[in-house]
Amino acid sequence: MKKTAVLIALIGINLYVQAQKGKKADIPEFGKVEKADLEMKECDFDDKAEALVLLDDGQLDHLYTSGLELRRRVRIKILTDKGLDWANVHLTYMSERNAQEINNIEAQTYNLDASGNIVVTKVEKKLIYEKKLNKKYTEKVFTFPEVKVGSIIEYKFKHVRIGLIDWYFQRSIPVKFSRFTLDFPDEIDVSTTPFCSRKYEEKNESKHGRVTQSYTMIDEPGFRDEPFIINEDFYRDRLETKMV
């Protein structure tokens with residue numbers, strides 16, 4: 001009986017672990033790129049694209065120790081010479097009185113060599129520098145190495161004490177996959193309002209005293225600036241948030 005009980009317990013643990021892995025299997029891990037994406041020549045739902053956001057994943061957590069913290073990962077495919085500009089990254093934060101901080105930056109470029117092998121070139125930490133914008137704001141700035149048409153670039157970072165933010169699913173270039181997740185204690189009520197002209201997926205879960213809300217959109221065409229648009233943010237698919 002004891003052996004049977006232990007076996008059942010081990011099976012249960014294994015199923016739990018597999019279930020947890022399954023929850024993360026909807027997007028590739030950092031550093032895991034498909035050869036097909038590197039061989040891609042154009043965006044199949046926006047043929048005018050200079051570049052394509054393959055992945056934009058952000059999670060905003062409320063932590064009792066440090067307030068609101070955003071963990072974000074972005075992956076972009078370069079399609080044309082004009083798209084090379086996306087290899088220059090500027091991450092802005094409020095630096096006055098150490099109000100906010102950006103850290104844990106990791107970034108790398110992916111290419112195919114002549115034999116069809118995936119080559120990874122990392123952005124060295126010493127090449128990530130700070131640029132003071134004014135008394136209140138500073139940027140973390142870096143440029144991806146070995147970038148050319150056909151490359152994929154990817155970076156992730158943590159933005160500490162960022163405060164409550166809105167999420168924009170749509171950009172000036174098309175977005176293949178965009179997801180924004182909020183993870184808050186259940187005693188904190190956050191209102192989320194989607195302003196989306198296209199279909200989005202919403203998931204809500206309450207567990208262990210915390211509420212998780214997740215919003216996902218796929219295949220968003222690039223938002224092109226049009227005449228007489230005063231504020232393009234009002235026209236982009238987005239999620240607005242506020243404390244209740």
# chains A, B, ... in the order shown; residues from 1 in each chain; ligands from 1
>>> select_by_dssp(residues="chain A", states="helix (DSSP H, G or I)", output="PyMOL selection string")
chain A and resi 2-23+35-39+82-87+96-98+125-127+232-234
>>> write_last_selection(atoms="C-alpha atoms", output="compact mmCIF listing (two decimals), in the first residue's frame")
# COMPACT_ATOMS: atom_id res chain seq x y z
CA LYS A 2 2.83 2.38 0.85
CA LYS A 3 4.49 1.74 -2.54
CA THR A 4 1.18 2.37 -4.29
CA ALA A 5 0.65 5.62 -2.38
CA VAL A 6 4.15 6.81 -3.23
CA LEU A 7 3.62 5.91 -6.90
CA ILE A 8 0.32 7.82 -7.02
CA ALA A 9 1.98 10.82 -5.38
CA LEU A 10 4.84 10.78 -7.88
CA ILE A 11 2.38 10.56 -10.78
CA GLY A 12 0.44 13.48 -9.34
CA ILE A 13 3.59 15.59 -8.99
CA ASN A 14 4.62 14.75 -12.55
CA LEU A 15 1.21 15.72 -13.92
CA TYR A 16 1.34 19.00 -12.00
CA VAL A 17 4.80 19.80 -13.37
CA GLN A 18 3.70 18.97 -16.91
CA ALA A 19 0.63 21.18 -16.47
CA GLN A 20 2.80 24.08 -15.35
CA LYS A 21 5.07 23.56 -18.35
CA GLY A 22 2.03 23.50 -20.60
CA LYS A 23 0.94 26.91 -19.37
CA LYS A 35 14.58 28.57 -38.56
CA ALA A 36 11.37 29.29 -40.52
CA ASP A 37 11.14 32.72 -38.86
CA LEU A 38 14.72 33.51 -39.87
CA GLU A 39 13.94 32.43 -43.45
CA LYS A 82 14.33 50.62 -43.20
CA GLY A 83 13.52 48.07 -40.53
CA LEU A 84 17.12 48.16 -39.30
CA ASP A 85 16.20 51.19 -37.20
CA TRP A 86 14.42 48.82 -34.80
CA ALA A 87 17.82 47.47 -33.76
CA GLU A 96 14.56 61.48 -10.45
CA ARG A 97 15.02 60.51 -6.78
CA ASN A 98 15.44 56.90 -7.93
CA LYS A 125 26.57 44.43 -20.84
CA LYS A 126 29.25 47.08 -21.33
CA LEU A 127 27.47 48.23 -24.51
CA GLU A 232 -2.75 58.25 -32.96
CA ASP A 233 -2.81 56.51 -29.57
CA PHE A 234 -6.60 56.90 -29.50
>>> residues_around(residues="Gln170 (chain A)", least_positions_apart="4", cutoff="12 Å", atoms="only C-alpha atoms", output="MDAnalysis selection string")
chainID A and resid 52:53 55:56 174:179 195:198 200 216:224 232:239
>>> atom_distance(atom1="CA of Arg210 (chain A)", atom2="CA of Ile165 (chain A)")
18.9 Å
>>> select_by_dssp(residues="region 1-171 of chain A", states="strand (DSSP E or B)", output="JSON, numbers by chain")
{"A": [51, 52, 53, 54, 55, 56, 57, 58, 59, 60, 61, 62, 63, 67, 68, 69, 70, 71, 72, 73, 74, 75, 76, 77, 78, 88, 89, 90, 91, 92, 93, 94, 101, 102, 103, 104, 105, 106, 107, 108, 109, 110, 111, 112, 118, 119, 120, 121, 122, 129, 130, 131, 132, 137, 138, 139, 140, 141, 142, 143, 152, 153, 154, 155, 156, 157, 158, 159, 160, 167, 168]}
>>> residues_around(residues="Leu79 (chain A)", least_positions_apart="2", cutoff="9 Å", atoms="only C-alpha atoms", output="NGL selection string")
:A and (40-43 or 49-52 or 77 or 81-84 or 148-151)
>>> closest_residue(among="A:Asn103, A:Lys136, A:His62, A:Tyr168", to="Asp189 (chain A)", atoms="only C-alpha atoms")
A:His62
>>> atom_distance(atom1="CA of Met94 (chain A)", atom2="CA of Lys140 (chain A)")
11.2 Å
>>> closest_residue(among="A:Ser172, A:Asn88, A:Gln108, A:Thr193", to="Lys156 (chain A)", atoms="only C-alpha atoms")
A:Gln108
>>> residues_around(residues="Asp61 (chain A)", least_positions_apart="3", cutoff="8 Å", atoms="only C-alpha atoms", output="PyMOL selection string")
chain A and resi 68-70+182-184
>>> write_last_selection(atoms="C-alpha atoms", output="PDB file, in the first residue's frame")
ATOM      1  CA  LEU A  68       4.477  47.543  -9.445  1.00  0.00           C
ATOM      2  CA  GLU A  69       7.052  45.713 -11.529  1.00  0.00           C
ATOM      3  CA  LEU A  70       6.902  45.094 -15.290  1.00  0.00           C
ATOM      4  CA  LEU A 182      -1.770  41.782 -14.670  1.00  0.00           C
ATOM      5  CA  ASP A 183      -1.125  39.867 -11.425  1.00  0.00           C
ATOM      6  CA  PHE A 184      -2.475  41.647  -8.330  1.00  0.00           C
TER       7      PHE A 184
END
